[in-house]
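Text of entry.cif, listed as mmCIF, C-alpha atoms:
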data_query
loop_
_atom_site.label_atom_id
_atom_site.label_comp_id
_atom_site.auth_asym_id
_atom_site.auth_seq_id
_atom_site.Cartn_x
_atom_site.Cartn_y
_atom_site.Cartn_z
CA MET A 28 105.64 119.15 114.66
CA MET A 29 108.44 117.27 116.42
CA LEU A 30 106.07 116.25 119.21
CA LEU A 31 103.60 114.85 116.68
CA TYR A 32 106.41 113.08 114.83
CA SER A 33 107.80 111.53 118.04
CA PHE A 34 104.32 110.44 119.10
CA ALA A 35 103.66 108.82 115.70
CA LEU A 36 107.03 107.06 115.74
CA ALA A 37 106.36 105.75 119.26
CA VAL A 38 102.92 104.47 118.23
CA VAL A 39 104.38 102.66 115.20
CA LEU A 40 107.07 101.02 117.33
CA LEU A 41 104.48 100.05 119.95
CA LEU A 42 102.12 98.52 117.40
CA THR A 43 104.91 96.57 115.69
CA SER A 44 106.62 95.52 118.94
CA PRO A 45 105.07 91.99 118.97
CA VAL A 46 106.54 91.32 115.52
CA TRP A 47 109.96 92.66 116.50
CA GLY A 48 109.80 90.78 119.80
CA VAL A 49 109.28 87.46 118.05
CA ARG A 50 112.05 88.20 115.58
CA MET A 51 114.44 89.13 118.38
CA LEU A 52 113.74 85.85 120.14
CA ARG A 53 114.24 83.82 116.97
CA GLN A 54 117.07 85.68 115.25
CA GLY A 55 120.03 87.28 116.99
CA ARG A 56 120.55 89.85 114.25
CA TYR A 57 117.40 91.69 115.38
CA ARG A 58 118.80 92.03 118.92
CA GLU A 59 122.18 93.23 117.72
CA GLY A 60 122.98 96.77 118.82
CA LEU A 61 119.66 97.32 120.60
CA GLY A 62 121.27 99.16 123.50
CA GLU A 63 123.19 101.44 121.16
CA ARG A 64 120.04 102.19 119.19
CA LEU A 65 118.32 103.22 122.43
CA GLY A 66 121.03 105.73 123.32
CA ALA A 67 123.55 103.64 125.28
CA VAL A 68 126.67 105.20 123.81
CA PRO A 69 129.49 102.61 123.79
CA SER A 70 132.46 103.64 125.92
CA ARG A 71 134.86 102.73 123.11
CA LEU A 72 133.76 105.87 121.21
CA ALA A 73 134.95 108.28 123.91
CA ALA A 74 138.24 106.39 124.11
CA TYR A 75 138.67 106.60 120.35
CA ILE A 76 137.83 110.31 120.19
CA ASN A 77 140.21 111.14 123.04
CA GLY A 78 139.41 114.85 123.07
CA ARG A 79 139.62 115.41 119.30
CA PRO A 80 136.95 117.25 117.29
CA VAL A 81 134.57 114.81 115.66
CA VAL A 82 133.04 114.26 112.23
CA TRP A 83 130.14 111.80 112.50
CA LEU A 84 129.38 109.98 109.24
CA HIS A 85 126.25 107.86 108.92
CA ALA A 86 125.93 105.09 106.32
CA VAL A 87 122.76 103.00 106.28
CA SER A 88 123.86 99.59 105.07
CA VAL A 89 126.48 97.77 103.02
CA GLY A 90 126.24 99.82 99.83
CA GLU A 91 126.56 103.15 101.61
CA THR A 92 129.39 101.83 103.79
CA VAL A 93 131.37 100.68 100.76
CA ALA A 94 130.77 104.02 99.05
CA ALA A 95 131.95 105.82 102.21
CA THR A 96 135.23 103.91 102.48
CA ARG A 97 137.29 106.18 100.26
CA LEU A 98 135.48 109.26 101.57
CA VAL A 99 136.54 108.44 105.14
CA ALA A 100 140.15 107.91 104.06
CA GLU A 101 140.29 111.23 102.21
CA LEU A 102 138.55 113.09 105.04
CA GLU A 103 141.18 111.76 107.44
CA ALA A 104 143.91 113.02 105.13
CA ALA A 105 142.25 116.45 104.82
CA LEU A 106 141.40 116.71 108.55
CA PRO A 107 144.34 115.13 110.40
CA GLY A 108 143.30 116.49 113.79
CA TYR A 109 139.77 115.06 113.66
CA ALA A 110 138.24 111.77 114.75
CA ILE A 111 135.95 110.29 112.07
CA VAL A 112 133.30 108.01 113.60
CA ILE A 113 130.86 105.91 111.58
CA SER A 114 127.34 104.68 112.30
CA THR A 115 125.14 102.26 110.38
CA THR A 116 121.51 101.21 110.59
CA THR A 117 121.62 97.55 109.52
CA PRO A 118 123.58 94.69 111.12
CA THR A 119 125.12 93.81 107.75
CA GLY A 120 126.30 97.39 107.31
CA GLN A 121 127.69 97.28 110.83
CA ARG A 122 129.78 94.19 110.11
CA VAL A 123 131.20 95.65 106.91
CA ALA A 124 131.94 98.97 108.64
CA ARG A 125 133.78 97.22 111.47
CA GLU A 126 135.86 95.28 108.97
CA ARG A 127 136.76 98.42 107.01
CA PHE A 128 137.12 101.01 109.76
CA GLY A 129 137.74 99.04 112.96
CA VAL A 130 135.40 98.34 115.86
CA ASP A 131 136.50 101.27 118.06
CA ARG A 132 134.78 103.98 116.00
CA VAL A 133 131.78 102.14 114.56
CA PHE A 134 128.33 102.01 116.20
CA PHE A 135 124.61 101.67 115.50
CA PHE A 136 122.67 104.81 114.60
CA PRO A 137 120.23 105.73 117.40
CA LEU A 138 116.48 105.51 117.05
CA ASP A 139 115.09 108.90 116.08
CA PHE A 140 113.90 109.87 119.57
CA ALA A 141 115.19 112.94 121.40
CA PHE A 142 116.63 110.97 124.34
CA ALA A 143 118.64 108.61 122.07
CA VAL A 144 119.89 111.27 119.66
CA ARG A 145 120.84 113.67 122.47
CA ALA A 146 122.85 110.96 124.21
CA TYR A 147 125.12 110.65 121.17
CA LEU A 148 125.34 114.40 120.59
CA ARG A 149 126.46 114.89 124.21
CA VAL A 150 129.25 112.33 123.95
CA LEU A 151 130.36 112.99 120.36
CA ASN A 152 129.73 116.74 120.26
CA PRO A 153 130.32 116.53 116.50
CA SER A 154 131.64 119.45 114.53
CA LEU A 155 129.78 118.02 111.53
CA LEU A 156 127.23 115.29 110.85
CA VAL A 157 127.51 113.71 107.38
CA LEU A 158 124.55 111.67 106.12
CA MET A 159 124.89 109.34 103.13
CA GLU A 160 122.38 109.54 100.27
CA SER A 161 118.83 110.15 101.57
CA GLU A 162 118.96 109.05 105.21
CA LEU A 163 117.10 112.03 106.68
CA TRP A 164 115.70 111.60 110.20
CA PRO A 165 113.57 114.56 111.39
CA ARG A 166 114.46 114.41 115.10
CA THR A 167 118.18 114.08 114.34
CA LEU A 168 118.03 117.10 112.02
CA ALA A 169 116.12 119.12 114.60
CA GLU A 170 118.50 118.26 117.46
CA CYS A 171 121.55 119.13 115.35
CA SER A 172 119.95 122.43 114.34
CA SER A 173 119.19 123.39 117.94
CA SER A 174 122.78 122.53 118.91
CA ASN A 175 124.25 124.51 115.97
CA ILE A 176 125.80 121.35 114.49
CA PRO A 177 126.06 121.61 110.69
CA VAL A 178 124.59 118.71 108.72
CA ALA A 179 125.70 117.71 105.24
CA VAL A 180 124.04 115.13 103.01
CA VAL A 181 126.49 113.57 100.56
CA ASN A 182 125.89 111.38 97.51
CA ALA A 183 122.30 112.60 97.75
CA ARG A 184 119.75 111.19 95.38
CA VAL A 185 115.99 111.01 94.89
CA SER A 186 114.79 107.83 93.22
CA ASP A 187 111.90 107.71 90.77
CA ARG A 188 109.92 105.80 93.38
CA SER A 189 110.62 108.27 96.20
CA LEU A 190 110.00 111.51 94.30
CA PRO A 191 106.16 111.36 94.30
CA ARG A 192 106.14 110.69 98.06
CA TYR A 193 108.50 113.59 98.73
CA MET A 194 106.45 115.91 96.54
CA THR A 195 103.18 114.93 98.25
CA LEU A 196 104.68 115.81 101.65
CA ARG A 197 106.92 118.66 100.53
CA MET A 198 105.22 121.13 102.89
CA LEU A 199 106.41 118.94 105.75
CA TRP A 200 109.84 118.29 104.24
CA ARG A 201 110.68 121.90 103.43
CA PRO A 202 111.32 123.05 107.04
CA LEU A 203 113.39 119.92 107.68
CA LEU A 204 115.46 120.38 104.54
CA ASN A 205 116.14 123.96 105.64
CA LYS A 206 118.01 122.49 108.62
CA ILE A 207 120.54 120.90 106.25
CA SER A 208 123.63 123.06 105.86
CA LEU A 209 124.72 121.53 102.54
CA LEU A 210 123.30 118.90 100.22
CA LEU A 211 125.73 117.37 97.71
CA ALA A 212 123.83 115.66 94.91
CA GLN A 213 124.92 112.79 92.68
CA SER A 214 123.71 114.44 89.48
CA GLU A 215 122.06 117.53 88.03
CA GLU A 216 118.77 115.61 87.92
CA ASP A 217 119.04 114.73 91.63
CA ALA A 218 119.90 118.36 92.45
CA ALA A 219 116.85 119.60 90.55
CA ARG A 220 114.62 117.13 92.38
CA TRP A 221 115.92 118.16 95.81
CA LYS A 222 115.28 121.81 94.95
CA ARG A 223 111.73 120.97 93.87
CA ILE A 224 111.14 119.28 97.21
CA GLY A 225 112.44 122.32 99.08
CA ALA A 226 116.19 122.06 99.63
CA GLN A 227 118.06 125.35 99.22
CA ARG A 228 121.81 124.79 99.64
CA VAL A 229 122.43 122.22 96.91
CA GLU A 230 125.58 121.47 94.93
CA VAL A 231 126.46 118.71 92.46
CA THR A 232 129.62 116.73 93.30
CA GLY A 233 128.96 113.41 91.55
CA ASN A 234 128.45 109.86 92.65
CA LEU A 235 130.81 108.47 95.30
CA LYS A 236 130.16 104.97 94.00
CA TYR A 237 132.16 105.83 90.90
CA ASP A 238 135.17 106.15 93.24
CA ALA A 239 134.68 102.96 95.22
CA ASP A 240 138.10 101.48 95.88
CA ILE A 241 137.48 97.76 95.41
CA PRO A 242 140.50 95.43 95.50
CA ALA A 243 140.70 92.81 92.78
CA GLU A 244 142.89 90.57 94.92
CA THR A 245 141.74 89.58 98.39
CA PRO A 246 142.45 86.42 100.42
CA LEU A 247 139.12 85.02 99.19
CA THR A 248 139.64 85.78 95.49
CA ALA A 249 143.16 84.35 95.67
CA LEU A 250 141.81 81.20 97.30
CA LEU A 251 139.10 80.79 94.70
CA ARG A 252 141.53 81.29 91.82
CA LYS A 253 143.55 78.34 93.13
CA HIS A 254 140.52 76.05 93.25
CA LEU A 255 138.47 77.03 90.21
CA PRO A 256 138.73 74.68 87.21
CA PRO A 257 141.57 75.59 84.83
CA LYS A 258 140.53 78.26 82.34
CA ALA A 259 137.13 78.40 83.98
CA LYS A 260 134.38 80.55 82.50
CA VAL A 261 132.80 82.28 85.50
CA LEU A 262 129.32 83.79 85.52
CA ILE A 263 128.59 85.92 88.59
CA CYS A 264 124.99 86.82 89.37
CA GLY A 265 125.16 89.41 92.12
CA SER A 266 122.60 90.93 94.51
CA THR A 267 119.77 88.77 93.20
CA HIS A 268 116.22 88.80 94.57
CA ASP A 269 113.40 86.32 94.84
CA GLY A 270 112.18 85.55 91.33
CA GLU A 271 115.55 86.13 89.69
CA GLU A 272 117.41 83.09 91.02
CA THR A 273 114.86 80.69 89.50
CA LEU A 274 115.26 82.31 86.09
CA LEU A 275 119.06 82.47 86.26
CA LEU A 276 119.44 78.88 87.46
CA ASP A 277 117.17 77.75 84.64
CA CYS A 278 119.40 79.69 82.24
CA TRP A 279 122.48 77.99 83.69
CA ARG A 280 120.99 74.52 83.42
CA GLY A 281 119.78 75.26 79.91
CA MET A 282 123.32 76.10 78.78
CA LEU A 283 124.64 72.66 79.64
CA PRO A 284 123.73 70.87 76.39
CA ASN A 285 124.85 73.78 74.23
CA THR A 286 128.24 74.72 75.66
CA PRO A 287 131.55 73.04 76.47
CA PRO A 288 130.76 70.76 79.40
CA ALA A 289 133.90 71.23 81.45
CA GLU A 290 135.27 74.47 82.82
CA ARG A 291 132.33 76.61 83.83
CA VAL A 292 131.18 77.87 87.26
CA MET A 293 128.34 80.08 88.43
CA ILE A 294 128.76 82.31 91.51
CA LEU A 295 125.35 83.33 92.80
CA ALA A 296 125.08 86.01 95.50
CA PRO A 297 121.56 86.70 96.80
CA ARG A 298 121.04 90.30 97.91
CA HIS A 299 120.02 89.03 101.34
CA PRO A 300 122.42 86.27 102.48
CA GLN A 301 119.82 84.82 104.84
CA ARG A 302 118.06 83.55 101.71
CA ALA A 303 121.01 81.26 100.94
CA ASP A 304 119.09 78.17 102.13
CA VAL A 305 116.26 78.89 99.70
CA VAL A 306 118.66 79.55 96.82
CA GLU A 307 120.64 76.39 97.57
CA GLN A 308 117.45 74.35 97.41
CA LEU A 309 116.47 75.97 94.10
CA ALA A 310 119.80 74.85 92.64
CA LYS A 311 119.45 71.32 93.99
CA ASP A 312 115.91 71.06 92.65
CA ARG A 313 117.42 71.59 89.20
CA GLY A 314 120.01 68.89 89.65
CA LEU A 315 122.86 71.37 90.05
CA ALA A 316 125.75 70.97 92.46
CA ALA A 317 125.40 73.77 95.04
CA ILE A 318 128.28 74.88 97.28
CA ARG A 319 127.89 77.29 100.21
CA LEU A 320 130.81 79.72 100.32
CA SER A 321 130.90 79.92 104.12
CA LEU A 322 131.26 76.14 104.37
CA TRP A 323 133.63 75.73 101.43
CA ARG A 324 136.19 78.19 102.78
CA LEU A 325 136.46 76.15 106.01
CA ALA A 326 137.92 73.27 103.98
CA PRO A 327 138.72 74.54 100.46
CA ASP A 328 138.75 71.94 97.72
CA ALA A 329 138.62 71.93 93.95
CA ILE A 330 135.39 73.45 92.68
CA THR A 331 133.87 71.05 90.20
CA PRO A 332 132.82 72.31 86.76
CA GLU A 333 129.21 73.47 86.36
CA SER A 334 128.87 74.03 90.12
CA VAL A 335 126.88 76.88 91.65
CA LEU A 336 128.82 78.62 94.41
CA ILE A 337 126.35 80.44 96.67
CA VAL A 338 127.70 83.52 98.41
CA ASP A 339 126.16 83.53 101.90
CA THR A 340 128.54 86.12 103.37
CA VAL A 341 128.45 89.92 103.46
CA GLY A 342 130.75 92.51 101.88
CA GLU A 343 132.70 90.20 99.56
CA LEU A 344 130.74 90.33 96.31
CA SER A 345 132.42 93.53 95.04
CA SER A 346 135.86 91.90 94.88
CA LEU A 347 134.47 88.58 93.64
CA TYR A 348 133.41 90.36 90.45
CA ALA A 349 137.10 90.43 89.52
CA LEU A 350 136.83 86.67 88.89
CA ALA A 351 133.96 86.98 86.43
CA ASN A 352 133.87 86.57 82.68
CA VAL A 353 130.33 87.95 82.73
CA ALA A 354 128.31 89.61 85.51
CA TYR A 355 124.56 89.87 85.90
CA VAL A 356 123.62 92.67 88.32
CA GLY A 357 120.46 91.79 90.21
CA GLY A 358 117.37 93.51 91.44
CA SER A 359 116.81 94.48 87.83
CA LEU A 360 114.66 91.74 86.29
CA VAL A 361 112.31 92.20 89.23
CA PRO A 362 111.07 95.64 90.36
CA HIS A 363 113.72 96.47 92.97
CA GLY A 364 115.56 99.29 91.20
CA GLY A 365 118.80 97.40 90.49
CA GLN A 366 122.25 97.50 92.07
CA ASN A 367 125.52 99.18 91.14
CA PRO A 368 126.86 97.99 87.74
CA LEU A 369 130.17 99.82 88.23
CA GLU A 370 131.39 97.17 90.66
CA PRO A 371 131.94 94.58 87.89
CA ALA A 372 132.55 97.19 85.16
CA GLN A 373 135.65 98.60 86.85
CA PHE A 374 137.31 95.19 86.38
CA GLY A 375 136.54 95.16 82.65
CA VAL A 376 133.79 92.56 83.12
CA PRO A 377 130.87 92.63 80.64
CA VAL A 378 127.74 93.64 82.58
CA VAL A 379 124.16 92.49 82.01
CA MET A 380 121.18 94.16 83.66
CA GLY A 381 117.39 94.12 83.44
CA PRO A 382 114.94 97.01 82.93
CA SER A 383 114.49 97.95 86.61
CA TYR A 384 117.46 100.20 87.38
CA GLU A 385 115.96 103.43 88.73
CA ASN A 386 118.22 103.35 91.82
CA PHE A 387 121.24 103.74 89.52
CA ARG A 388 119.67 105.55 86.59
CA GLY A 389 122.52 108.00 86.01
CA ILE A 390 125.16 105.27 86.00
CA VAL A 391 123.21 102.85 83.79
CA ASP A 392 122.11 105.51 81.29
CA GLY A 393 125.73 106.63 80.96
CA MET A 394 126.89 103.06 80.37
CA VAL A 395 124.14 102.52 77.80
CA ARG A 396 125.28 105.61 75.89
CA GLU A 397 128.83 104.24 75.83
CA GLN A 398 127.67 100.74 74.84
CA ALA A 399 129.27 99.53 78.07
CA ILE A 400 126.37 97.44 79.37
CA ARG A 401 123.83 94.99 77.88
CA MET A 402 120.21 95.54 78.87
CA VAL A 403 118.01 92.43 78.83
CA THR A 404 114.50 91.17 79.53
CA GLU A 405 113.32 87.83 80.86
CA ARG A 406 112.95 86.67 77.25
CA ASP A 407 116.53 87.20 76.11
CA VAL A 408 118.59 87.09 79.30
CA CYS A 409 119.59 83.44 78.83
CA ASP A 410 120.76 83.91 75.26
CA VAL A 411 122.69 87.07 76.13
CA LEU A 412 124.47 85.48 79.11
CA GLU A 413 125.48 82.45 77.05
CA SER A 414 126.69 84.60 74.16
CA LEU A 415 128.80 86.86 76.38
CA LEU A 416 130.18 83.98 78.43
CA TYR A 417 131.57 82.38 75.31
CA GLY A 418 133.29 85.22 73.61
CA SER A 419 131.47 88.35 72.51
CA GLY A 420 131.84 90.62 75.53
CA ASP A 421 135.49 91.69 75.68
CA SER A 422 135.05 95.02 73.89
CA MET A 423 132.01 95.88 75.99
CA GLY A 424 133.99 95.08 79.12
CA ARG A 425 136.78 97.42 78.04
CA ARG A 426 134.27 100.21 77.40
CA GLY A 427 132.79 99.65 80.85
CA LYS A 428 136.18 99.91 82.51
CA THR A 429 136.97 103.11 80.60
CA PHE A 430 133.58 104.57 81.54
CA ALA A 431 134.08 103.77 85.23
CA ALA A 432 137.52 105.39 85.24
CA SER A 433 136.28 108.51 83.44
CA MET A 434 133.60 109.19 86.04
CA MET A 435 135.89 109.27 89.07
CA GLY A 436 136.50 112.39 91.16
CA ALA A 437 133.34 112.75 93.26
CA THR A 438 135.19 111.93 96.48
CA GLY A 439 137.67 114.78 96.09
CA ARG A 440 134.90 117.26 95.29
CA THR A 441 132.88 116.04 98.27
CA VAL A 442 135.82 116.35 100.66
CA ASP A 443 136.56 119.88 99.45
CA ALA A 444 132.95 120.91 100.06
CA LEU A 445 132.86 119.34 103.55
CA VAL A 446 136.13 120.96 104.61
CA ALA A 447 134.85 124.34 103.39
CA LEU A 448 131.64 123.82 105.38
CA LEU A 449 133.64 123.06 108.53
CA GLU A 450 135.73 126.17 108.04
CA ARG A 451 132.59 128.32 107.67
CA ALA A 452 131.09 126.80 110.82
CA ARG A 453 134.11 127.52 113.04
#

I need this file expressed as structure tokens, please.
Amino acid sequence: MMLLYSFALAVVLLLTSPVWGVRMLRQGRYREGLGERLGAVPSRLAAYINGRPVVWLHAVSVGETVAATRLVAELEAALPGYAIVISTTTPTGQRVARERFGVDRVFFFPLDFAFAVRAYLRVLNPSLLVLMESELWPRTLAECSSSNIPVAVVNARVSDRSLPRYMTLRMLWRPLLNKISLLLAQSEEDAARWKRIGAQRVEVTGNLKYDADIPAETPLTALLRKHLPPKAKVLICGSTHDGEETLLLDCWRGMLPNTPPAERVMILAPRHPQRADVVEQLAKDRGLAAIRLSLWRLAPDAITPESVLIVDTVGELSSLYALANVAYVGGSLVPHGGQNPLEPAQFGVPVVMGPSYENFRGIVDGMVREQAIRMVTERDVCDVLESLLYGSGDSMGRRGKTFAASMMGATGRTVDALVALLERAR
């Protein structure tokens, strides 16, 4: 089975190599970490480990890295003699991980070939591999199993979109899932789904994203507070996708005749920062003043009322939500499954979201029950944003903050389970 899998993976990479080759020539981000992905283990890892036992934690991208931040800190407190090293798949996740954990222990996850995976296992010799959410690579699982390295999946979930695919291939997944020592699910529903697919050692510990430790005050938020218009009403539209920005910018422009003309600013953060050029042009096409965050911070100046500040950087949106009077959480008016509404809610900010939220179903359904979020459609999103921006969202914001606080504790339960697994494996 592993031979067939490796052959299929090699064929896919070979067939797509012209596309990747062109992208690597044109965009540096596609070349970033190529050596590490191919099994060239960076020497800084051995220096960081310095003979200590290792826990290897893998987070795919920015969201998983942010969710892992508190987990890493509490694992270090619970395992003082261990070195915790962190890998990511995406370049954006890599940058955020390096900022949060330091360069010395952060690296790119290897391609799922035996030679690349074995290179890391030889150097790291991990006592435990921890995978975030549903990042399950067959060769990695097989190599860890043959080396008697326990594997835990934390914050595990199965989305509505993924479940049919898993179920169709469950005869193939079952032997792979049996190689997982412990699977810690976000919810009872996720646990039941994993068991249906074939996982056996499943526990429910909750969602680590409830515990995300996001600072309200950072150098950037402090700088923006100094330069926003006095008493500014701030609308933040975060993690937006193609098709949403047009609608939201039209909403913003449509508010102008109906609302106080002075202190009001939109902060618009596309999910993929490389789309900032497109989003900036969309704003300009509507006669709106567009400001790129990366350029503005080089020479900060007063932000004029009614401006659209476009966030073209990575890893800063979570704290920016602390500035908002209202937050729209993107990927939800288009079919992308939504993003995490707890990021603005924990600051007491009223949250607005569309009908596509299957990636965060447990969180959103809980907030709906507590009347801590406003669900919208394309037809009413403009009216709802305007209404909340000018005064009717305070109580909803307080309920959201209370809900976020009440759901904390998953990190502690996860750490306890991982420490117990390590003790059993000794």

9 Å contact set for segment 419-430 of chain A, all atoms listed in the file, chain neighbours under 6 positions out, as a count of residues only: 18

Who sits within 7 Å of segment 61-67 of chain A, all atoms listed in the file, same chain under 3 positions skipped, as a VMD selection string: chain A and resid 58 135 to 138 142 to 144 146 to 147

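Nearest residue to Leu344 of chain A, choosing from A:Leu255, A:Ala124, A:Val356, A:Ile176 and counting only C-alpha atoms: A:Val356.
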
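Put simply, the PyMOL selection byres ((chain A and resi 407-409) around 10) on this file hits Leu274, Leu275, Leu276, Asp277, Cys278, Trp279, Gly281, Met282, Tyr355, Leu360, Val379, Met380, Gly381, Arg401, Met402, Val403, Thr404, Glu405, Arg406, Asp410, Val411, Leu412, Glu413 and Ser414 of chain A.
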
Residue with smallest distance to Ser186 of chain A - pool A:Glu370, A:Asp217, A:Glu162, A:Glu101, counting only C-alpha atoms: A:Asp217

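For the residues A:Arg252, A:Arg149, A:His85, A:Arg313, ranking by smallest atom-to-atom distance to Val181 of chain A using all atoms listed in the file places A:His85 first.
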
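The space between atom CA of Ala303 of chain A and atom CA of Lys258 of chain A spans 27.1 Å.
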
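Residue membership of the PyMOL selection byres ((chain A and resi 264) around 6) in the shown file amounts to Ile263, Gly265, Leu295, Ala354 and Tyr355 of chain A.
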
Point-to-point distance in Å for atom CA of Tyr237 of chain A and atom CA of Val99 of chain A: 15.1 Å

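Considering the residues A:Trp221, A:Phe128, A:Tyr109, A:Phe134 and counting all atoms listed in the file, Leu72 of chain A has its shortest atom-to-atom contact with A:Phe134.
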
Close residues, Leu247 of chain A itself excluded, 9 Å, only C-alpha atoms, min 2 positions apart in chain, as a ChimeraX atom specification: /A:244-245,249-252,324,343,346-347

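For the structure shown here, the set of residues caught by the PyMOL selection byres ((chain A and resi 201) around 10) is A:Tyr193, A:Leu196, A:Arg197, A:Met198, A:Leu199, A:Trp200, A:Pro202, A:Leu203, A:Leu204, A:Asn205, A:Lys206, A:Trp221, A:Lys222, A:Arg223, A:Ile224, A:Gly225, A:Ala226, A:Gln227.
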
Between atom CA of Phe387 of chain A and atom CA of Thr340 of chain A - distance in Å to one decimal: 23.6 Å

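With distances taken over all atoms listed in the file, A:Arg440 is the one residue among A:Gly365, A:Arg319, A:Asp187, A:Arg440 lying closest to Glu230 of chain A.
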
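With only C-alpha atoms as the atoms that count, the minimum distance from Leu148 of chain A to the choices A:Ala431, A:Ala326, A:Ala105, A:Cys171 is reached by A:Cys171.
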
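Every protein, DNA or RNA residue with an atom at most 10 Å from Ala73 of chain A, where all atoms listed in the file count and chain neighbours fewer than 6 positions away do not, is listed here: Arg79, Asp131, Arg132, Val150 and Leu151 of chain A.
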
Residue neighbourhood Ala239 of chain A, 8 Å, only C-alpha atoms, exclusion window fewer than 5 positions, as a PyMOL selection string: chain A and resi 93-94+96-97

Start from the incomplete input, build N, CA and C atoms for segment 231-250 of chain A, and deliver everything as a compact mmCIF listing (two decimals), keeping the file's coordinate frame.
# COMPACT_ATOMS: atom_id res chain seq x y z
N VAL A 231 126.26 119.99 93.14
CA VAL A 231 126.46 118.71 92.46
C VAL A 231 127.93 118.34 92.56
N THR A 232 128.22 117.19 93.18
CA THR A 232 129.62 116.73 93.30
C THR A 232 129.85 115.38 92.63
N GLY A 233 128.79 114.71 92.20
CA GLY A 233 128.96 113.41 91.55
C GLY A 233 128.68 112.26 92.49
N ASN A 234 128.81 111.08 91.95
CA ASN A 234 128.45 109.86 92.65
C ASN A 234 129.69 109.21 93.28
N LEU A 235 129.68 109.08 94.61
CA LEU A 235 130.81 108.47 95.30
C LEU A 235 131.04 107.03 94.87
N LYS A 236 130.01 106.38 94.38
CA LYS A 236 130.16 104.97 94.00
C LYS A 236 131.00 104.80 92.75
N TYR A 237 131.20 105.89 92.01
CA TYR A 237 132.16 105.83 90.90
C TYR A 237 133.58 105.67 91.44
N ASP A 238 133.82 106.14 92.67
CA ASP A 238 135.17 106.15 93.24
C ASP A 238 135.44 104.98 94.17
N ALA A 239 134.51 104.06 94.28
CA ALA A 239 134.68 102.96 95.22
C ALA A 239 135.99 102.22 94.96
N ASP A 240 136.78 102.10 96.00
CA ASP A 240 138.10 101.48 95.88
C ASP A 240 137.98 100.00 96.22
N ILE A 241 137.74 99.19 95.21
CA ILE A 241 137.48 97.76 95.41
C ILE A 241 138.70 96.96 94.98
N PRO A 242 139.32 96.20 95.88
CA PRO A 242 140.50 95.43 95.50
C PRO A 242 140.14 94.23 94.64
N ALA A 243 140.92 93.99 93.62
CA ALA A 243 140.70 92.81 92.78
C ALA A 243 141.25 91.56 93.44
N GLU A 244 142.25 91.73 94.28
CA GLU A 244 142.89 90.57 94.92
C GLU A 244 142.69 90.66 96.42
N THR A 245 141.96 89.72 96.96
CA THR A 245 141.74 89.58 98.39
C THR A 245 142.10 88.14 98.77
N PRO A 246 142.20 87.82 100.06
CA PRO A 246 142.45 86.42 100.42
C PRO A 246 141.42 85.47 99.82
N LEU A 247 140.16 85.91 99.74
CA LEU A 247 139.12 85.02 99.19
C LEU A 247 139.29 84.84 97.69
N THR A 248 139.50 85.93 96.94
CA THR A 248 139.64 85.78 95.49
C THR A 248 140.88 84.97 95.14
N ALA A 249 141.95 85.14 95.91
CA ALA A 249 143.16 84.35 95.67
C ALA A 249 142.89 82.88 95.92
N LEU A 250 142.14 82.58 96.98
CA LEU A 250 141.81 81.20 97.30
C LEU A 250 140.95 80.57 96.22
